[in-house]
Each structure stands twice: as C-alpha cells, then as structure tokens.
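S.K.: So that you have it, the file is run-v5.pdb, and it contains PDB, C-alpha atoms:
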```
ATOM      1  CA  MET A   1     -29.826  -1.603  -6.113
ATOM      2  CA  SER A   2     -28.675   1.574  -4.365
ATOM      3  CA  ARG A   3     -28.525   2.071  -0.624
ATOM      4  CA  PRO A   4     -31.319   4.250   0.783
ATOM      5  CA  GLY A   5     -30.425   7.902   1.103
ATOM      6  CA  ARG A   6     -27.473   7.842  -1.277
ATOM      7  CA  PRO A   7     -27.202   8.801  -4.945
ATOM      8  CA  VAL A   8     -27.872   5.928  -7.329
ATOM      9  CA  ASN A   9     -24.475   6.227  -8.987
ATOM     10  CA  TRP A  10     -21.391   6.781  -6.846
ATOM     11  CA  ALA A  11     -19.396   7.464 -10.030
ATOM     12  CA  LEU A  12     -21.115  10.770 -10.814
ATOM     13  CA  PRO A  13     -18.904  12.951  -8.541
ATOM     14  CA  GLU A  14     -15.806  11.258  -9.963
ATOM     15  CA  LEU A  15     -16.995  11.870 -13.502
ATOM     16  CA  ILE A  16     -17.660  15.556 -12.794
ATOM     17  CA  GLU A  17     -14.178  16.139 -11.398
ATOM     18  CA  ALA A  18     -12.565  14.204 -14.242
ATOM     19  CA  ALA A  19     -14.559  16.125 -16.850
ATOM     20  CA  VAL A  20     -13.589  19.473 -15.314
ATOM     21  CA  ARG A  21      -9.914  18.533 -15.262
ATOM     22  CA  ALA A  22     -10.101  17.191 -18.813
ATOM     23  CA  GLY A  23     -11.625  20.432 -20.104
ATOM     24  CA  THR A  24     -15.000  18.976 -21.141
ATOM     25  CA  PRO A  25     -17.478  21.395 -19.530
ATOM     26  CA  GLU A  26     -20.531  20.043 -21.369
ATOM     27  CA  LEU A  27     -20.039  16.562 -19.887
ATOM     28  CA  ALA A  28     -19.358  18.063 -16.459
ATOM     29  CA  ALA A  29     -22.507  20.204 -16.575
ATOM     30  CA  GLU A  30     -24.751  17.353 -17.726
ATOM     31  CA  THR A  31     -23.408  15.009 -15.048
ATOM     32  CA  ASP A  32     -23.773  17.752 -12.445
ATOM     33  CA  ARG A  33     -27.469  18.121 -13.328
ATOM     34  CA  ARG A  34     -27.992  14.390 -12.845
ATOM     35  CA  LEU A  35     -26.156  14.400  -9.525
ATOM     36  CA  THR A  36     -28.102  17.439  -8.315
ATOM     37  CA  ASP A  37     -31.440  15.818  -9.137
ATOM     38  CA  ARG A  38     -30.517  12.591  -7.361
ATOM     39  CA  SER A  39     -29.044  14.297  -4.303
ATOM     40  CA  GLN A  40     -32.137  16.464  -3.866
ATOM     41  CA  ALA A  41     -34.336  13.406  -4.124
ATOM     42  CA  SER A  42     -32.200  11.698  -1.479
ATOM     43  CA  GLY A  43     -32.018  14.709   0.832
ATOM     44  CA  THR A  44     -29.259  13.325   3.059
ATOM     45  CA  ASP A  45     -26.270  15.375   4.190
ATOM     46  CA  TRP A  46     -23.992  12.881   2.455
ATOM     47  CA  ALA A  47     -25.725  13.290  -0.903
ATOM     48  CA  LEU A  48     -26.187  17.047  -0.650
ATOM     49  CA  GLY A  49     -22.626  17.542   0.583
ATOM     50  CA  VAL A  50     -21.091  15.626  -2.304
ATOM     51  CA  ALA A  51     -23.363  17.451  -4.753
ATOM     52  CA  ALA A  52     -22.346  20.850  -3.363
ATOM     53  CA  ARG A  53     -18.667  19.920  -3.565
ATOM     54  CA  SER A  54     -19.056  18.732  -7.147
ATOM     55  CA  HIS A  55     -21.064  21.779  -8.264
ATOM     56  CA  ALA A  56     -18.385  24.079  -6.802
ATOM     57  CA  LEU A  57     -16.001  22.766  -9.450
ATOM     58  CA  LEU A  58     -18.199  24.271 -12.161
ATOM     59  CA  VAL A  59     -18.458  27.846 -10.874
ATOM     60  CA  ASP A  60     -15.737  30.483 -10.776
ATOM     61  CA  ASP A  61     -17.088  33.218  -8.533
ATOM     62  CA  GLU A  62     -17.786  33.494  -4.803
ATOM     63  CA  ARG A  63     -20.535  30.901  -5.156
ATOM     64  CA  ALA A  64     -17.796  28.278  -5.150
ATOM     65  CA  ASN A  65     -16.694  29.402  -1.693
ATOM     66  CA  ASP A  66     -20.228  29.018  -0.343
ATOM     67  CA  LEU A  67     -20.628  25.604  -1.960
ATOM     68  CA  TYR A  68     -17.369  24.262  -0.556
ATOM     69  CA  THR A  69     -18.293  25.565   2.889
ATOM     70  CA  GLU A  70     -21.695  23.900   2.635
ATOM     71  CA  ALA A  71     -20.109  20.648   1.506
ATOM     72  CA  ILE A  72     -17.716  20.573   4.462
ATOM     73  CA  GLU A  73     -20.465  21.391   6.948
ATOM     74  CA  ARG A  74     -22.736  18.665   5.611
ATOM     75  CA  LEU A  75     -20.064  15.983   5.207
ATOM     76  CA  ALA A  76     -18.644  16.660   8.669
ATOM     77  CA  GLY A  77     -21.877  15.265  10.077
ATOM     78  CA  THR A  78     -21.636  11.990   8.153
ATOM     79  CA  ARG A  79     -19.546   8.856   8.533
ATOM     80  CA  VAL A  80     -17.986   9.085   5.070
ATOM     81  CA  ALA A  81     -14.790  10.750   6.226
ATOM     82  CA  VAL A  82     -12.986  10.258   2.918
ATOM     83  CA  GLU A  83     -15.530  12.476   1.157
ATOM     84  CA  LEU A  84     -14.982  15.144   3.830
ATOM     85  CA  ALA A  85     -11.223  14.976   3.261
ATOM     86  CA  ARG A  86     -11.759  15.414  -0.463
ATOM     87  CA  ALA A  87     -13.926  18.471   0.195
ATOM     88  CA  HIS A  88     -11.123  20.039   2.248
ATOM     89  CA  LEU A  89      -8.639  19.237  -0.527
ATOM     90  CA  LEU A  90     -10.732  20.706  -3.341
ATOM     91  CA  TYR A  91     -11.577  23.766  -1.268
ATOM     92  CA  GLY A  92      -7.900  24.279  -0.464
ATOM     93  CA  GLU A  93      -6.949  23.978  -4.127
ATOM     94  CA  TRP A  94      -9.619  26.521  -5.064
ATOM     95  CA  LEU A  95      -8.520  28.947  -2.333
ATOM     96  CA  ARG A  96      -4.912  28.750  -3.503
ATOM     97  CA  ARG A  97      -5.919  29.770  -7.001
ATOM     98  CA  GLN A  98      -7.857  32.852  -5.795
ATOM     99  CA  PRO A  99      -5.187  33.482  -4.360
ATOM    100  CA  ARG A 100      -5.996  33.127  -0.655
ATOM    101  CA  ARG A 101      -2.932  31.294   0.530
ATOM    102  CA  LEU A 102      -3.462  31.504   4.273
ATOM    103  CA  ASP A 103      -6.999  30.169   3.986
ATOM    104  CA  ALA A 104      -5.804  27.509   1.569
ATOM    105  CA  ARG A 105      -3.156  26.268   3.987
ATOM    106  CA  LYS A 106      -5.752  25.584   6.665
ATOM    107  CA  GLU A 107      -7.858  23.391   4.379
ATOM    108  CA  LEU A 108      -4.878  21.651   2.810
ATOM    109  CA  ARG A 109      -3.333  20.838   6.194
ATOM    110  CA  ILE A 110      -6.563  19.138   7.236
ATOM    111  CA  ALA A 111      -6.755  17.217   3.963
ATOM    112  CA  HIS A 112      -3.112  16.147   4.156
ATOM    113  CA  GLU A 113      -3.481  14.922   7.731
ATOM    114  CA  MET A 114      -6.678  13.001   7.021
ATOM    115  CA  PHE A 115      -5.425  11.305   3.853
ATOM    116  CA  THR A 116      -2.154  10.399   5.535
ATOM    117  CA  ASN A 117      -4.030   8.800   8.419
ATOM    118  CA  PHE A 118      -6.217   6.905   5.953
ATOM    119  CA  GLY A 119      -3.124   5.562   4.205
ATOM    120  CA  MET A 120      -4.298   7.167   0.938
ATOM    121  CA  GLU A 121      -0.857   8.076  -0.349
ATOM    122  CA  ALA A 122      -1.843   9.580  -3.712
ATOM    123  CA  PHE A 123      -4.333  12.011  -2.204
ATOM    124  CA  ALA A 124      -1.974  12.820   0.680
ATOM    125  CA  GLU A 125       0.775  13.623  -1.821
ATOM    126  CA  ARG A 126      -1.602  15.802  -3.838
ATOM    127  CA  ALA A 127      -2.413  17.791  -0.685
ATOM    128  CA  ARG A 128       1.284  18.034   0.206
ATOM    129  CA  VAL A 129       2.192  19.399  -3.235
ATOM    130  CA  GLU A 130      -0.617  21.957  -2.990
ATOM    131  CA  LEU A 131       0.640  23.008   0.444
ATOM    132  CA  GLN A 132       4.114  23.532  -0.985
ATOM    133  CA  ALA A 133       2.599  25.736  -3.672
ATOM    134  CA  THR A 134       1.280  28.009  -0.901
ATOM    135  CA  GLY A 135       4.806  28.382   0.455
ATOM    136  CA  GLU A 136       4.435  25.894   3.300
ATOM    137  CA  ARG A 137       6.503  22.735   3.445
ATOM    138  CA  ALA A 138       4.500  19.707   4.555
ATOM    139  CA  ARG A 139       6.430  16.794   5.991
ATOM    140  CA  LYS A 140       6.026  13.633   3.942
ATOM    141  CA  ARG A 141       4.980  11.034   6.480
ATOM    142  CA  ALA A 142       5.547   7.333   6.071
ATOM    143  CA  VAL A 143       2.249   5.485   6.048
ATOM    144  CA  GLU A 144       3.753   2.215   7.250
ATOM    145  CA  SER A 145       3.825   3.341  10.896
ATOM    146  CA  LEU A 146       1.645   1.127  13.108
ATOM    147  CA  ASP A 147       0.269   4.228  14.801
ATOM    148  CA  GLN A 148      -1.325   5.460  11.571
ATOM    149  CA  LEU A 149      -4.570   4.304  10.035
ATOM    150  CA  THR A 150      -3.279   1.937   7.405
ATOM    151  CA  PRO A 151      -4.131  -1.765   7.352
ATOM    152  CA  ALA A 152      -1.107  -2.209   9.642
ATOM    153  CA  GLY A 153      -2.188   0.596  11.940
ATOM    154  CA  VAL A 154      -5.751  -0.651  12.180
ATOM    155  CA  THR A 155      -4.732  -4.234  12.842
ATOM    156  CA  HIS A 156      -2.268  -3.226  15.523
ATOM    157  CA  ARG A 157      -4.956  -1.563  17.610
ATOM    158  CA  PRO A 158      -7.153  -4.628  18.236
ATOM    159  CA  ALA A 159      -4.256  -6.436  19.872
ATOM    160  CA  ARG A 160      -5.076  -4.379  22.968
ATOM    161  CA  GLY A 161      -8.838  -5.021  22.647
ATOM    162  CA  THR A 162     -10.503  -7.120  19.971
ATOM    163  CA  GLY A 163     -14.006  -5.670  20.085
ATOM    164  CA  LYS A 164     -15.245  -3.497  17.241
ATOM    165  CA  HIS A 165     -16.215  -0.646  19.564
ATOM    166  CA  GLN A 166     -12.948  -0.835  21.501
ATOM    167  CA  GLN A 167     -11.015  -0.505  18.272
ATOM    168  CA  ARG A 168     -13.163   2.314  16.893
ATOM    169  CA  ASP A 169     -12.792   4.307  20.110
ATOM    170  CA  ARG A 170      -9.017   4.292  19.681
ATOM    171  CA  CYS A 171      -9.214   5.787  16.186
ATOM    172  CA  PRO A 172      -9.268   9.548  15.477
ATOM    173  CA  ALA A 173     -12.716  11.145  15.666
ATOM    174  CA  PHE A 174     -12.977  11.637  11.912
ATOM    175  CA  ILE A 175     -12.426   7.951  11.126
ATOM    176  CA  SER A 176     -15.659   6.191  10.233
ATOM    177  CA  PRO A 177     -16.428   2.589  11.248
ATOM    178  CA  SER A 178     -16.682   1.669   7.562
ATOM    179  CA  THR A 179     -13.099   2.868   7.009
ATOM    180  CA  VAL A 180     -11.886   0.724   9.895
ATOM    181  CA  GLU A 181     -13.766  -2.300   8.564
ATOM    182  CA  TYR A 182     -12.333  -1.757   5.075
ATOM    183  CA  HIS A 183      -8.742  -1.841   6.340
ATOM    184  CA  LEU A 184      -9.450  -4.817   8.581
ATOM    185  CA  ARG A 185     -10.852  -6.848   5.689
ATOM    186  CA  LYS A 186      -7.703  -6.136   3.674
ATOM    187  CA  ALA A 187      -5.524  -7.205   6.599
ATOM    188  CA  PHE A 188      -7.564 -10.373   7.173
ATOM    189  CA  ARG A 189      -7.052 -11.419   3.547
ATOM    190  CA  LYS A 190      -3.307 -10.811   3.688
ATOM    191  CA  LEU A 191      -2.943 -12.730   6.949
ATOM    192  CA  ASP A 192      -5.386 -15.474   5.925
ATOM    193  CA  ILE A 193      -7.490 -15.069   9.052
ATOM    194  CA  LYS A 194     -11.187 -14.423   9.636
ATOM    195  CA  SER A 195     -11.667 -12.769  13.029
ATOM    196  CA  ARG A 196     -10.333 -10.084  15.349
ATOM    197  CA  THR A 197      -9.531 -12.755  17.911
ATOM    198  CA  GLN A 198      -7.225 -14.492  15.442
ATOM    199  CA  LEU A 199      -5.724 -11.127  14.585
ATOM    200  CA  ALA A 200      -4.992 -10.331  18.224
ATOM    201  CA  ASP A 201      -3.353 -13.756  18.659
ATOM    202  CA  ARG A 202      -1.232 -13.177  15.558
ATOM    203  CA  LEU A 203      -0.018  -9.789  16.811
ATOM    204  CA  ARG A 204       0.901 -10.864  20.321
TER
END
```
Show me this structure written as structure tokens.
M.R.:
Amino acid sequence: MSRPGRPVNWALPELIEAAVRAGTPELAAETDRRLTDRSQASGTDWALGVAARSHALLVDDERANDLYTEAIERLAGTRVAVELARAHLLYGEWLRRQPRRLDARKELRIAHEMFTNFGMEAFAERARVELQATGERARKRAVESLDQLTPAGVTHRPARGTGKHQQRDRCPAFISPSTVEYHLRKAFRKLDIKSRTQLADRLR
C-alpha cells in the first residue's frame, strides 16, 4: 500500500530516466503519462516535483528549463533531499548540453556537494565528471570523513548529544530526518547496537 500523497510506484521516475538513456522513447513516454496522472492525483510538491523533473527529460526545447526550475522549487520545500539533488544534477547536465556552461556549473556544484555529503559516491562522481566537462575541476572528496554525512559522519554526531532533534540540528539544512535515520540504521546494524545511547557510549 502506498504512502498518502506519494505516487503509487516509486520506480516510475527511475524507469523514465533509464528509458531515455537507453533510447526507448515510447517506453519513456508511456511511463511519463502514468507518472503524470498519479502525481496530479496526489497533488503534493514531492510528487509534482519528481514528475516535472522526469517530464523534462522528454522535451528538448525551453520547456525543459521551466520544468527543471519547477522541480527544484517544489522539491526544495520537501524533506526528500536526495530527489532535490537529482533535480540539480539533471538540470546541470541539460544546461551543459545547451550549452550554458556557467549556469550548468551552478547546478552541478550544488548536486556534487549534496551527493558528497550524503555519501552517495556514484552520483557525486557523476556530478564531478559533468563539472569537469564544463571546464571546472571539482575536488574529489573522501566520503569517509567523520564530518560528512555518511554512516560514520552521522554516528559521530550523536556522541555529543544522543537525541534525534539534537542530531538533526547539527546536520546541514538540506538533510532530511529520513536520511539521518537511514544512515543510523545502517550504522546500528554494523555495530550490533540498537539505540543512540549505545552508540554514544561506543564512540566515547
């Protein structure tokens, strides 16, 4: 059963992007129609933002610019920060191909920074390569640093305050609580612990 306010199938945006990259426009268009119908029925900024971002992949003219802008504006007001980062990345890739290199660099820098902080190495590398293609060299940051938002980075923060809200307040503004919880669960499994209190004791 789907969560209220979100498209029934989270895989639709992934399928659209994959179909576009694979050169199967019929599949992309059909999936886009399904996603559009479901996002309009939902009416949330999350659903409409993802739908706008996905539809932008299917158009070649200035409509794509408007759709990417809409997607970023809508997703910026949600807690699903990863989807916002992907919107910046796709918009930056599109701008580079126009070519609008200066505009592309702005979007790609944001995407690279966000994905690096999330510890999402593949997406961060994709943004870095795109930045290089604009003529700008992006530094390849190590994600193992405890000051970054990887499982290590997230688990290090609660050592100075074990409460959920204390930890969230120390994270960058674009990090959602669900992202923090995701990394904490991974860390708990690796350390064979079940609570933030145990985590703080382990890190002291």
S.K.: Kindly give the distance, in Å, that separates CA of Pro25 in chain A and CA of Ala76 in chain A, rounded to a single decimal.
M.R.: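 CA of Ala76 in chain A lies 28.6 Å from CA of Pro25 in chain A.
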S.K.: If the PyMOL selection byres ((chain A and resi 35) around 12) were run on this exact file, what residues would it hold? Put them as an NGL selection string.
M.R.: :A and (6-16 or 28-34 or 36-43 or 47-55)
S.K.: Interatomic distance between CA of Glu113 in chain A and CA of Glu125 in chain A?
M.R.: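 Interatomic distance here is 10.5 Å.
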S.K.: Please compute the CA of Trp46 in chain A-CA of Ala81 in chain A distance, one decimal, in Å.
M.R.: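 Those two atoms sit 10.2 Å apart.
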S.K.: Of the candidates A:Arg74, A:His112, A:Arg21, A:Arg101, which one gets nearest to Leu57 in chain A if we count all atoms listed in the file?
M.R.: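 So, comparing all the options, the nearest one is A:Arg21.
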S.K.: Between A:Asp103, A:Leu131, A:Asp192, A:Thr69, which residue has the minimum interatomic distance to Ala56 in chain A, considering only C-alpha atoms?
M.R.: A:Thr69
S.K.: Which residue is closest to Leu75 in chain A? Choose from A:Thr116, A:Thr44, A:Gln132, A:Thr24 and count all atoms listed in the file.
M.R.: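 Under the stated criterion, the closest residue is A:Thr44.
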S.K.: Looking at only C-alpha atoms, which of A:Arg109, A:Val20, A:Asp45, A:Ala122 is the one that sits closest to Gly77 in chain A?
M.R.: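 Nearest to Gly77 in chain A: A:Asp45.
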S.K.: Give me the residues within 9 Å of Ala85 in chain A as an MDAnalysis selection string, counting only C-alpha atoms and dropping any in the same chain fewer than 6 places off.
M.R.: chainID A and resid 72 110:115
S.K.: How about completing range 4-36 of chain A with N, CA and C atoms and giving it to me as a CSV table (one decimal), in the frame of the given file?
M.R.:
```csv
chain,number,residue,atom,x,y,z
A,4,PRO,N,-30.4,3.1,0.5
A,4,PRO,CA,-31.3,4.2,0.8
A,4,PRO,C,-30.6,5.5,1.2
A,5,GLY,N,-31.0,6.6,0.7
A,5,GLY,CA,-30.4,7.9,1.1
A,5,GLY,C,-29.1,8.3,0.4
A,6,ARG,N,-28.7,7.5,-0.6
A,6,ARG,CA,-27.5,7.8,-1.3
A,6,ARG,C,-27.7,7.9,-2.8
A,7,PRO,N,-27.0,8.7,-3.5
A,7,PRO,CA,-27.2,8.8,-4.9
A,7,PRO,C,-27.1,7.4,-5.6
A,8,VAL,N,-27.8,7.2,-6.7
A,8,VAL,CA,-27.9,5.9,-7.3
A,8,VAL,C,-26.5,5.6,-7.8
A,9,ASN,N,-25.8,6.5,-8.4
A,9,ASN,CA,-24.5,6.2,-9.0
A,9,ASN,C,-23.4,7.0,-8.3
A,10,TRP,N,-22.5,6.2,-7.6
A,10,TRP,CA,-21.4,6.8,-6.8
A,10,TRP,C,-20.4,7.4,-7.8
A,11,ALA,N,-20.4,7.0,-9.1
A,11,ALA,CA,-19.4,7.5,-10.0
A,11,ALA,C,-19.6,8.9,-10.5
A,12,LEU,N,-20.8,9.4,-10.3
A,12,LEU,CA,-21.1,10.8,-10.8
A,12,LEU,C,-20.2,11.8,-10.3
A,13,PRO,N,-19.9,11.9,-9.0
A,13,PRO,CA,-18.9,13.0,-8.5
A,13,PRO,C,-17.5,12.8,-9.2
A,14,GLU,N,-17.1,11.5,-9.3
A,14,GLU,CA,-15.8,11.3,-10.0
A,14,GLU,C,-15.8,11.7,-11.4
A,15,LEU,N,-16.9,11.5,-12.1
A,15,LEU,CA,-17.0,11.9,-13.5
A,15,LEU,C,-17.0,13.4,-13.7
A,16,ILE,N,-17.6,14.1,-12.7
A,16,ILE,CA,-17.7,15.6,-12.8
A,16,ILE,C,-16.3,16.1,-12.6
A,17,GLU,N,-15.5,15.6,-11.6
A,17,GLU,CA,-14.2,16.1,-11.4
A,17,GLU,C,-13.3,15.8,-12.6
A,18,ALA,N,-13.4,14.6,-13.1
A,18,ALA,CA,-12.6,14.2,-14.2
A,18,ALA,C,-12.9,15.1,-15.5
A,19,ALA,N,-14.2,15.3,-15.7
A,19,ALA,CA,-14.6,16.1,-16.8
A,19,ALA,C,-14.1,17.6,-16.7
A,20,VAL,N,-14.1,18.1,-15.5
A,20,VAL,CA,-13.6,19.5,-15.3
A,20,VAL,C,-12.1,19.5,-15.6
A,21,ARG,N,-11.4,18.5,-15.1
A,21,ARG,CA,-9.9,18.5,-15.3
A,21,ARG,C,-9.5,18.2,-16.7
A,22,ALA,N,-10.4,17.5,-17.4
A,22,ALA,CA,-10.1,17.2,-18.8
A,22,ALA,C,-10.5,18.3,-19.8
A,23,GLY,N,-11.2,19.3,-19.3
A,23,GLY,CA,-11.6,20.4,-20.1
A,23,GLY,C,-12.8,20.1,-21.0
A,24,THR,N,-13.8,19.3,-20.4
A,24,THR,CA,-15.0,19.0,-21.1
A,24,THR,C,-16.2,19.5,-20.3
A,25,PRO,N,-16.4,20.8,-20.4
A,25,PRO,CA,-17.5,21.4,-19.5
A,25,PRO,C,-18.9,20.9,-19.8
A,26,GLU,N,-19.2,20.5,-21.1
A,26,GLU,CA,-20.5,20.0,-21.4
A,26,GLU,C,-20.8,18.7,-20.6
A,27,LEU,N,-19.9,17.8,-20.6
A,27,LEU,CA,-20.0,16.6,-19.9
A,27,LEU,C,-20.2,16.8,-18.4
A,28,ALA,N,-19.3,17.7,-17.9
A,28,ALA,CA,-19.4,18.1,-16.5
A,28,ALA,C,-20.7,18.6,-16.1
A,29,ALA,N,-21.2,19.6,-16.9
A,29,ALA,CA,-22.5,20.2,-16.6
A,29,ALA,C,-23.7,19.2,-16.6
A,30,GLU,N,-23.7,18.3,-17.6
A,30,GLU,CA,-24.8,17.4,-17.7
A,30,GLU,C,-24.7,16.4,-16.5
A,31,THR,N,-23.5,15.9,-16.2
A,31,THR,CA,-23.4,15.0,-15.0
A,31,THR,C,-23.8,15.7,-13.8
A,32,ASP,N,-23.4,17.0,-13.6
A,32,ASP,CA,-23.8,17.8,-12.4
A,32,ASP,C,-25.3,17.9,-12.3
A,33,ARG,N,-26.0,18.1,-13.4
A,33,ARG,CA,-27.5,18.1,-13.3
A,33,ARG,C,-28.1,16.8,-12.8
A,34,ARG,N,-27.5,15.7,-13.3
A,34,ARG,CA,-28.0,14.4,-12.8
A,34,ARG,C,-27.7,14.2,-11.4
A,35,LEU,N,-26.5,14.6,-10.9
A,35,LEU,CA,-26.2,14.4,-9.5
A,35,LEU,C,-27.0,15.3,-8.6
A,36,THR,N,-27.3,16.5,-9.1
A,36,THR,CA,-28.1,17.4,-8.3
A,36,THR,C,-29.5,16.9,-8.1
```
